[in-house]
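In what follows, a structure is listed as structure tokens, so that the remarks can point back to it.
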Amino acid sequence: MTQLFPLREKPALSAYKKGDVLVLFGELFSRGYANGLVEEAERRGMTIVRATVGRREKDGSLRALTAEETANIPQPFINVPLEAGFDMDAASNGVTPCDQLKDIKLSDWDKAELDWKAIDESQTNGVARFKKNTELFMKELEKHVPAGANVLFAHLMAGGVPRTKIIMPLLNRAFKGTGDRHIPTQALLDSQIGQFCLRNFNEVTAETFRHLIEISAPLRKKWESQGSHVSYTAYGYHGTEVMIGSQYQWQTYTCYFQGWAKMALEKHAENFFKQGVHCCVYNCPEILTNSSSVFQGVEVSLYPLLAAIQKDAGDKKHAEQVLSDCKKLLKDDVTFEQIKSFTDDYLKNPLTLEFTNYEKWPQHSRQDQMEYMLKSSDHLFSLHKDEKNLITAVLSEVVFKSCGYVMLHDSWQPKAPVAWIGHDLVARCM
């Protein structure tokens with residue numbers, strides 16, 4: 001278990017400057033954490049080298065982007081497909097793991113038996129493909145880094161949900177299912193489908209970080225020998241501190257399916273940090289992203305940011321604007337104090353606290369706990385004028401911008417291989 005290490009102070013501006021390079025190792029999508037890092041790097045005049053995970057054809061083959069698909073991507077852009085995971089990589093029998101899952105009926109998910117020898121082959125093939133493409137990426141990257149430039153690699157790889165139709169209904173039942181529709185997360189992960197998911201998550205979220213640092217080592221050593229500085233960042237989630245009552249306390253979303261892979265990611269950072277590599281996994285607060293909709297309830301822990309902004313905002317004028325924008329989205333009779341009281345009650349509830357145990361993280365969920373969380377989430381949605389236009393979108397932007405500032409400037413000389421950015425620091429860095 002990684003020791004909890006919350007960053008408290010707003011980092012001073014680092015030495016990154018115009019002409020230095022931020023390398024996005026993974027694809028930049030809208031409304032995600034990495035956008036804040038890119039914005040902060042652009043403010044410093046850094047060059048952003050963009051990447052892609054590629055696209056899959058109908059026959060399952062992986063390809064680079066077409067000229068049409070790259071038309072609006074700012075340069076420099078390296079068009080080498082960095083898709084990770086192995087769910088669509090064929091074994092020697094021509095069958096992919098997704099092929100194995102495609103005919104399994106929803107009623108039989110817990111009885112499914114997979115061909116693990118074939119899955120082992122698919123995993124070996126997927127890893128080989130990814131490493132080969134990462135080597136090609138590094139060869140191209142060298143052309144975009146001028147002599148003497150400092151380089152920051154941003155690892156953007158996460159996820160790995162197998163792309164086959166049975167998975168999303170299962171995840172929806174595990175994370176949103178109530179009553180008879182609920183599937184316990186322990187049962188799902190103990191199943192053969194769940195075990196395959198965990199393997200794929202680990203390859204995408206954790207092993208890609210290891211491959212990145214190992215495969216970029218020759219370039220890193222070359223640049224450092226010429227006086228350049230090289231660092232690596234990655235995005236983690238391991239719960240974060242939010243204001244509960246009048247104090248900042250650690251809390252978490254349960255069950256976080258990616259948690260085991262995120263812990264493996266942290267372990268890689270610890271190992272490389274001991275070897276003298278400048279690297280850090282930054283555990284960021286919950287936000288609302290395009291990919292988090294299946295995890296309804298994760299956003300409940302975002303609402304307390306309102307209180308953190310009121311108490312600790314570094315830029316009072318910006319804070320007033322954010323709070324005003326939030327207020328306009330709430331029903332006229334709803335106050336921030338009501339929201340604070342509700343989230344305090346939720347985060348202090350014995351049922352929530354039973355699943356807020358740092359030493360046991362990540363814990364599996366239980367039906368009564370999930371139903372309480374979903375009911376609390378629905379109540380907070382109901383406080384808005386439009387349930388599709390939530391204050392969590394406004395607050396998410398504050399989070400990813402502040403996290404971008406912290407990660408860029410702390411990464412020059414990370415104090416630890418794994419660090420936490422809580423709501424206190426998010427507010428201070430506004």
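Residues are referred to by chain and number: the chain letter is A, B, ... according to the order shown in the structure tokens, the number counts from 1 in that chain, and ligands are numbered separately from 1 in the order shown.
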
List as JSON lines every residue of region 201-318 of chain A that is in contact with region 393-399 of chain A, defined as an atom at most 10 Å from one of its atoms (using only C-alpha atoms), together with the nearest atom pair and the distance in Å rounded to one decimal, sorted by chain and then rising number.
{"residue": "A:Cys284", "atom": "CA", "partner": "A:Val399", "partner_atom": "CA", "distance": 8.2}
{"residue": "A:Pro285", "atom": "CA", "partner": "A:Val399", "partner_atom": "CA", "distance": 7.2}
{"residue": "A:Glu286", "atom": "CA", "partner": "A:Ser396", "partner_atom": "CA", "distance": 8.0}
{"residue": "A:Ile287", "atom": "CA", "partner": "A:Ser396", "partner_atom": "CA", "distance": 4.9}
{"residue": "A:Leu288", "atom": "CA", "partner": "A:Ser396", "partner_atom": "CA", "distance": 6.0}
{"residue": "A:Thr289", "atom": "CA", "partner": "A:Ser396", "partner_atom": "CA", "distance": 8.1}
{"residue": "A:Glu299", "atom": "CA", "partner": "A:Ser396", "partner_atom": "CA", "distance": 9.3}
{"residue": "A:Leu302", "atom": "CA", "partner": "A:Leu395", "partner_atom": "CA", "distance": 7.2}
{"residue": "A:Tyr303", "atom": "CA", "partner": "A:Leu395", "partner_atom": "CA", "distance": 7.8}
{"residue": "A:Pro304", "atom": "CA", "partner": "A:Leu395", "partner_atom": "CA", "distance": 9.8}
{"residue": "A:Leu305", "atom": "CA", "partner": "A:Leu395", "partner_atom": "CA", "distance": 7.2}
{"residue": "A:Leu306", "atom": "CA", "partner": "A:Leu395", "partner_atom": "CA", "distance": 7.9}
{"residue": "A:Ile309", "atom": "CA", "partner": "A:Val398", "partner_atom": "CA", "distance": 9.7}
{"residue": "A:His318", "atom": "CA", "partner": "A:Val398", "partner_atom": "CA", "distance": 10.0}

For this session: Please identify all polymer residues within 6 Å of region 401-406 of chain A, counting only C-alpha atoms, omitting same-chain residues fewer than 4 positions from it, and present them as a ChimeraX atom specification.
Result: /A:36-37,40,410,426,429-430

Exercise. Could you write out, as a ChimeraX atom specification, all the residues of region 104-304 of chain A that DSSP marks as helix (DSSP H, G or I)?
Worked result: /A:106-111,116-142,167-175,179-181,185-190,192-215,217-225,259-274,298-302

Convert the current residue selection to file output with C-alpha atoms, as a compact mmCIF listing (two decimals), in the first residue's frame.
# COMPACT_ATOMS: atom_id res chain seq x y z
CA LEU A 106 -26.08 -11.96 -20.44
CA SER A 107 -27.85 -14.66 -18.43
CA ASP A 108 -24.71 -16.83 -18.54
CA TRP A 109 -21.99 -14.27 -17.84
CA ASP A 110 -20.95 -15.87 -14.53
CA LYS A 111 -20.65 -19.33 -16.10
CA TRP A 116 -6.79 -18.84 -21.30
CA LYS A 117 -4.04 -20.27 -23.48
CA ALA A 118 -5.38 -18.20 -26.37
CA ILE A 119 -5.75 -15.16 -24.11
CA ASP A 120 -2.11 -15.54 -23.01
CA GLU A 121 -1.10 -15.51 -26.70
CA SER A 122 -3.26 -12.45 -27.38
CA GLN A 123 -1.65 -10.67 -24.44
CA THR A 124 1.85 -11.52 -25.69
CA ASN A 125 0.94 -10.28 -29.18
CA GLY A 126 -0.67 -7.11 -27.87
CA VAL A 127 2.34 -6.24 -25.72
CA ALA A 128 4.74 -6.89 -28.61
CA ARG A 129 2.67 -4.65 -30.90
CA PHE A 130 2.55 -1.86 -28.34
CA LYS A 131 6.29 -1.98 -27.60
CA LYS A 132 7.15 -2.01 -31.30
CA ASN A 133 4.95 1.02 -31.95
CA THR A 134 6.38 2.80 -28.91
CA GLU A 135 9.87 2.30 -30.35
CA LEU A 136 8.67 3.80 -33.66
CA PHE A 137 7.11 6.68 -31.72
CA MET A 138 10.42 7.41 -29.98
CA LYS A 139 12.29 7.48 -33.30
CA GLU A 140 9.83 10.07 -34.61
CA LEU A 141 9.87 11.99 -31.34
CA GLU A 142 13.61 12.61 -31.52
CA ILE A 167 -19.24 -5.85 -21.07
CA MET A 168 -21.23 -2.59 -20.81
CA PRO A 169 -24.46 -4.22 -19.58
CA LEU A 170 -22.43 -6.02 -16.92
CA LEU A 171 -20.66 -2.81 -15.86
CA ASN A 172 -23.97 -0.94 -15.80
CA ARG A 173 -25.45 -3.58 -13.50
CA ALA A 174 -22.38 -3.53 -11.25
CA PHE A 175 -22.18 0.27 -11.02
CA GLY A 179 -32.67 -4.36 -6.77
CA ASP A 180 -32.61 -7.51 -8.87
CA ARG A 181 -30.50 -5.82 -11.54
CA THR A 185 -18.48 -6.23 -8.08
CA GLN A 186 -16.74 -9.05 -6.20
CA ALA A 187 -18.73 -11.61 -8.18
CA LEU A 188 -18.01 -9.83 -11.46
CA LEU A 189 -14.27 -9.60 -10.85
CA ASP A 190 -14.08 -13.19 -9.61
CA GLN A 192 -13.53 -15.33 -15.84
CA ILE A 193 -14.83 -12.25 -17.69
CA GLY A 194 -13.80 -10.09 -14.73
CA GLN A 195 -10.36 -11.67 -14.53
CA PHE A 196 -9.82 -10.93 -18.22
CA CYS A 197 -10.94 -7.31 -17.67
CA LEU A 198 -8.44 -6.90 -14.82
CA ARG A 199 -5.62 -8.15 -17.03
CA ASN A 200 -6.52 -5.76 -19.82
CA PHE A 201 -6.87 -2.83 -17.38
CA ASN A 202 -3.39 -3.57 -16.05
CA GLU A 203 -1.83 -3.65 -19.52
CA VAL A 204 -3.43 -0.33 -20.50
CA THR A 205 -3.16 1.62 -17.24
CA ALA A 206 0.02 0.34 -15.62
CA GLU A 207 2.28 -1.59 -17.98
CA THR A 208 2.25 1.17 -20.60
CA PHE A 209 3.95 3.46 -18.06
CA ARG A 210 6.70 0.90 -17.56
CA HIS A 211 7.14 0.45 -21.32
CA LEU A 212 7.25 4.22 -21.80
CA ILE A 213 10.06 4.75 -19.29
CA GLU A 214 12.05 1.71 -20.39
CA ILE A 215 11.78 2.31 -24.14
CA ALA A 217 15.59 5.36 -21.64
CA PRO A 218 18.17 5.69 -24.49
CA LEU A 219 16.69 9.05 -25.52
CA ARG A 220 16.44 10.19 -21.91
CA LYS A 221 20.09 9.37 -21.23
CA LYS A 222 21.17 11.07 -24.44
CA TRP A 223 19.23 14.25 -23.65
CA GLU A 224 20.37 14.32 -20.03
CA SER A 225 24.00 13.90 -21.11
CA GLY A 259 -8.06 0.57 -8.65
CA TRP A 260 -5.90 -2.55 -8.87
CA ALA A 261 -4.33 -1.33 -12.12
CA LYS A 262 -3.78 2.14 -10.64
CA MET A 263 -1.93 0.55 -7.71
CA ALA A 264 0.29 -1.32 -10.17
CA LEU A 265 0.94 2.02 -11.89
CA GLU A 266 2.01 3.51 -8.56
CA LYS A 267 4.36 0.58 -7.98
CA HIS A 268 6.10 1.19 -11.30
CA ALA A 269 6.58 4.85 -10.39
CA GLU A 270 8.08 3.89 -7.03
CA ASN A 271 10.53 1.50 -8.68
CA PHE A 272 11.70 4.01 -11.30
CA PHE A 273 11.88 6.83 -8.73
CA LYS A 274 14.33 4.71 -6.70
CA VAL A 298 -18.27 9.26 -8.56
CA GLU A 299 -19.31 12.90 -8.97
CA VAL A 300 -20.83 13.18 -5.47
CA SER A 301 -17.33 13.86 -4.10
CA LEU A 302 -16.92 16.78 -6.51

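CA of Phe295 (chain A) sits 15.0 Å away from CA of Ala158 (chain A).
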
Problem set entry | Distance criterion (only C-alpha atoms): nearest to Ser246 (chain A) out of A:Lys316, A:His144, A:Lys327, A:Lys340 | A:Lys340

For this session: Could you please determine the separation between CA of Ser216 (chain A) and CA of Tyr235 (chain A) in Å, to one decimal place?
Result: 18.6 Å

At a cut-off of 10 Å, can you tabulate as a Markdown table every residue of region 158-266 of chain A near region 371-379 of chain A together with its closest atom pair and the distance in Å to one decimal, using only C-alpha atoms and ordering rows by chain then number?
| residue | atom | partner | partner_atom | distance |
| --- | --- | --- | --- | --- |
| A:Phe175 | CA | A:Leu374 | CA | 8.9 |
| A:Lys176 | CA | A:Leu374 | CA | 7.2 |
| A:Gly177 | CA | A:Glu371 | CA | 8.1 |
| A:Thr178 | CA | A:Glu371 | CA | 6.2 |
| A:Gly179 | CA | A:Glu371 | CA | 8.5 |
| A:His182 | CA | A:Glu371 | CA | 9.3 |
| A:Tyr253 | CA | A:Met373 | CA | 9.4 |
| A:Thr254 | CA | A:Met373 | CA | 9.3 |

Write a file of the selected residues as a short mmCIF file (atom, residue, chain, number, x, y, z; two decimals), in the first residue's frame, keeping N, CA and C atoms.
data_model
loop_
_atom_site.label_atom_id
_atom_site.label_comp_id
_atom_site.auth_asym_id
_atom_site.auth_seq_id
_atom_site.Cartn_x
_atom_site.Cartn_y
_atom_site.Cartn_z
N PHE A 175 -22.38 -1.10 -11.50
CA PHE A 175 -22.18 0.27 -11.02
C PHE A 175 -23.45 1.09 -10.92
N LYS A 176 -24.53 0.65 -11.59
CA LYS A 176 -25.78 1.40 -11.53
C LYS A 176 -26.98 0.52 -11.17
N GLY A 177 -26.76 -0.80 -11.17
CA GLY A 177 -27.88 -1.71 -10.96
C GLY A 177 -28.42 -1.67 -9.54
N THR A 178 -29.73 -1.60 -9.41
CA THR A 178 -30.37 -1.66 -8.10
C THR A 178 -31.34 -2.83 -8.09
N GLY A 179 -31.72 -3.24 -6.88
CA GLY A 179 -32.67 -4.36 -6.77
C GLY A 179 -32.13 -5.61 -7.44
N HIS A 182 -28.86 -5.63 -9.74
CA HIS A 182 -27.52 -5.41 -9.20
C HIS A 182 -26.64 -6.66 -9.32
N TYR A 253 -14.32 6.83 -4.10
CA TYR A 253 -15.45 6.21 -4.79
C TYR A 253 -15.26 4.70 -4.73
N THR A 254 -16.32 3.98 -4.41
CA THR A 254 -16.27 2.51 -4.32
C THR A 254 -17.47 1.94 -5.08
#

For this session: Would you mind listing what lies within 7 Å of region 54-60 of chain A as a list in words, with only C-alpha atoms counted and same-chain residues fewer than 5 positions away left out?
Result: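 Result of the neighbour search: Leu65, Pro81, Leu82, Glu83 and Met88 of chain A.
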
For this session: Write out as JSON, numbers by chain all residues of region 324-421 of chain A that DSSP puts in strand (DSSP E) for this structure's backbone.
Result: {"A": [418, 419, 420, 421]}

Exercise. Hey, what's within 7 Å of region 353-358 of chain A if we count only C-alpha atoms and toss same-chain stuff fewer than 5 positions away? As a PyMOL selection string, please?
Worked result: chain A and resi 251-252+254+347-348+363
